[in-house]
>>> print(open('upload14.cif').read())   # mmCIF, C-alpha atoms
data_query
loop_
_atom_site.group_PDB
_atom_site.id
_atom_site.type_symbol
_atom_site.label_atom_id
_atom_site.label_comp_id
_atom_site.auth_asym_id
_atom_site.auth_seq_id
_atom_site.Cartn_x
_atom_site.Cartn_y
_atom_site.Cartn_z
ATOM 1 C CA MET Z 1 0.000 0.000 0.000
ATOM 2 C CA GLN Z 2 2.856 2.421 0.819
ATOM 3 C CA GLU Z 3 4.471 1.781 -2.573
ATOM 4 C CA ALA Z 4 1.177 2.495 -4.367
ATOM 5 C CA ARG Z 5 0.720 5.748 -2.438
ATOM 6 C CA GLU Z 6 4.279 6.831 -3.206
ATOM 7 C CA ALA Z 7 3.737 6.070 -6.913
ATOM 8 C CA VAL Z 8 0.568 8.189 -6.994
ATOM 9 C CA GLU Z 9 2.305 11.041 -5.159
ATOM 10 C CA ALA Z 10 5.242 10.916 -7.580
ATOM 11 C CA GLU Z 11 2.923 10.896 -10.607
ATOM 12 C CA LEU Z 12 0.927 13.851 -9.269
ATOM 13 C CA GLY Z 13 4.164 15.672 -8.472
ATOM 14 C CA LEU Z 14 5.289 15.303 -12.086
ATOM 15 C CA GLU Z 15 1.906 16.459 -13.408
ATOM 16 C CA LEU Z 16 2.113 19.651 -11.333
ATOM 17 C CA TRP Z 17 5.832 20.284 -11.912
ATOM 18 C CA ALA Z 18 5.567 22.775 -14.780
ATOM 19 C CA ARG Z 19 3.124 24.989 -12.867
ATOM 20 C CA LEU Z 20 4.585 24.711 -9.355
ATOM 21 C CA GLN Z 21 8.371 24.539 -9.864
ATOM 22 C CA PRO Z 22 8.693 28.361 -9.504
ATOM 23 C CA PHE Z 23 7.632 27.948 -5.855
ATOM 24 C CA GLN Z 24 10.484 25.478 -5.318
ATOM 25 C CA ASP Z 25 12.896 27.888 -7.010
ATOM 26 C CA ARG Z 26 11.829 30.753 -4.708
ATOM 27 C CA TYR Z 27 12.100 28.496 -1.663
ATOM 28 C CA ASP Z 28 15.588 27.320 -2.671
ATOM 29 C CA GLN Z 29 16.709 30.917 -3.238
ATOM 30 C CA ALA Z 30 15.367 31.982 0.171
ATOM 31 C CA VAL Z 31 17.240 29.085 1.820
ATOM 32 C CA ALA Z 32 20.461 29.975 -0.008
ATOM 33 C CA GLU Z 33 20.159 33.626 1.015
ATOM 34 C CA GLY Z 34 18.996 32.900 4.572
ATOM 35 C CA ASP Z 35 15.880 34.997 3.925
ATOM 36 C CA THR Z 36 13.876 34.084 7.033
ATOM 37 C CA ALA Z 37 11.057 36.499 6.216
ATOM 38 C CA ARG Z 38 10.427 34.767 2.893
ATOM 39 C CA LEU Z 39 10.812 31.327 4.445
ATOM 40 C CA ALA Z 40 8.046 32.161 6.931
ATOM 41 C CA GLY Z 41 5.515 32.463 4.077
ATOM 42 C CA PRO Z 42 5.407 28.925 2.643
ATOM 43 C CA CYS Z 43 2.893 26.364 3.829
ATOM 44 C CA GLY Z 44 3.681 24.487 7.016
ATOM 45 C CA GLY Z 45 2.612 21.178 5.496
ATOM 46 C CA LYS Z 46 5.058 18.325 5.613
ATOM 47 C CA HIS Z 47 5.122 14.706 4.601
ATOM 48 C CA GLY Z 48 6.185 13.246 7.922
ATOM 49 C CA ARG Z 49 9.001 10.743 8.054
ATOM 50 C CA TRP Z 50 9.717 11.235 4.331
ATOM 51 C CA GLY Z 51 10.869 14.775 5.069
ATOM 52 C CA GLN Z 52 9.219 16.592 2.175
ATOM 53 C CA ILE Z 53 8.386 20.214 2.923
ATOM 54 C CA CYS Z 54 5.589 21.961 1.022
ATOM 55 C CA VAL Z 55 6.918 24.999 -0.871
ATOM 56 C CA LEU Z 56 3.545 26.514 -1.827
ATOM 57 C CA PRO Z 57 2.154 29.618 -0.080
ATOM 58 C CA GLY Z 58 0.453 29.113 3.279
ATOM 59 C CA GLY Z 59 -3.276 28.416 2.924
ATOM 60 C CA HIS Z 60 -2.921 27.031 -0.604
ATOM 61 C CA GLU Z 61 -5.082 23.976 0.043
ATOM 62 C CA THR Z 62 -8.170 26.131 0.469
ATOM 63 C CA SER Z 63 -7.439 29.109 -1.761
ATOM 64 C CA MET Z 64 -5.717 27.373 -4.700
ATOM 65 C CA GLU Z 65 -7.151 23.886 -4.152
ATOM 66 C CA GLU Z 66 -3.748 22.293 -4.763
ATOM 67 C CA PRO Z 67 -2.202 19.420 -2.807
ATOM 68 C CA HIS Z 68 1.055 20.031 -0.941
ATOM 69 C CA TRP Z 69 3.965 20.101 -3.397
ATOM 70 C CA GLY Z 70 7.737 19.878 -3.058
ATOM 71 C CA ARG Z 71 10.659 17.598 -3.866
ATOM 72 C CA THR Z 72 11.979 14.375 -2.409
ATOM 73 C CA SER Z 73 15.484 14.205 -0.953
ATOM 74 C CA GLU Z 74 16.517 12.780 -4.345
ATOM 75 C CA GLY Z 75 15.142 15.900 -6.082
ATOM 76 C CA ARG Z 76 12.040 14.331 -7.648
ATOM 77 C CA PRO Z 77 8.790 16.338 -7.579
ATOM 78 C CA ILE Z 78 6.117 14.975 -5.254
ATOM 79 C CA ALA Z 79 2.604 16.039 -4.247
ATOM 80 C CA TRP Z 80 0.553 14.835 -1.279
ATOM 81 C CA VAL Z 81 -2.637 15.537 0.641
ATOM 82 C CA GLY Z 82 -2.702 16.115 4.377
ATOM 83 C CA SER Z 83 0.145 16.841 6.716
ATOM 84 C CA ALA Z 84 2.072 14.983 9.372
ATOM 85 C CA PRO Z 85 2.935 15.968 12.941
ATOM 86 C CA ASP Z 86 6.556 16.891 13.619
ATOM 87 C CA ASP Z 87 7.324 13.608 15.344
ATOM 88 C CA TRP Z 88 5.708 11.276 12.797
#
>>> encode(input="upload14.cif", output="structure tokens")
Amino acid sequence: MQEAREAVEAELGLELWARLQPFQDRYDQAVAEGDTARLAGPCGGKHGRWGQICVLPGGHETSMEEPHWGRTSEGRPIAWVGSAPDDW
């Protein structure tokens, strides 16, 4: 079941890549520059033990109706629904 979920999340991540990659680019630039003000704006959603951090603006799930979106540690785009507690 976990493998099937990961496959769906990877497929959705690829489908949304062209439209949402600019958010990842802005996030990466803010990290590189240490821009804490800009880093405070992205969504707080995370994908638990897999470590993906959503790079879309806060509140996107209701205003833009998009799933969380970011990249895996290997750099592949991924999208997911819901969020995990910090200790998950």
>>> closest_residue(input="upload14.cif", among="Z:Glu61, Z:His68, Z:Val55, Z:His47", to="Val31 (chain Z)", atoms="all atoms listed in the file")
Z:Val55
>>> residues_around(input="upload14.cif", residues="Cys54 (chain Z)", least_positions_apart="2", cutoff="6 Å", atoms="only C-alpha atoms", output="VMD selection string")
chain Z and resid 43 45 to 46 56 68 to 70
>>> residues_near_point(input="upload14.cif", point="(7.5, 30.7, 2.8)", cutoff="9 Å", atoms="all atoms listed in the file", output="ChimeraX atom specification")
/Z:26-27,30,36-44,55-58
>>> atom_distance(input="upload14.cif", atom1="CA of Glu9 (chain Z)", atom2="CA of Phe23 (chain Z)")
17.7 Å
>>> atom_distance(input="upload14.cif", atom1="CA of Leu14 (chain Z)", atom2="CA of Gly34 (chain Z)")
27.8 Å
>>> atom_distance(input="upload14.cif", atom1="CA of His60 (chain Z)", atom2="CA of Trp80 (chain Z)")
12.7 Å
>>> closest_residue(input="upload14.cif", among="Z:Gly59, Z:Gly13, Z:Asp35, Z:Arg19", to="Thr72 (chain Z)", atoms="only C-alpha atoms")
Z:Gly13
>>> axis_aligned_box(input="upload14.cif", around="region 6-12 of chain Z", padding_each_side="4 Å", output="AutoDock Vina command-line options")
--center_x 2.9 --center_y 10.0 --center_z -6.9 --size_x 12.7 --size_y 15.8 --size_z 15.4
>>> resolve_selection(input="upload14.cif", expression="the PyMOL selection byres ((chain Z and resi 6) around 12)", output="number ranges by chain")
Z: 1-5, 7-13, 47, 50, 72, 76-81
>>> closest_residue(input="upload14.cif", among="Z:Ile53, Z:Glu15, Z:Glu65, Z:Arg71", to="Ser83 (chain Z)", atoms="all atoms listed in the file")
Z:Ile53
>>> closest_residue(input="upload14.cif", among="Z:Gln21, Z:Gly48, Z:Gln29, Z:Thr62", to="Gly75 (chain Z)", atoms="all atoms listed in the file")
Z:Gln21
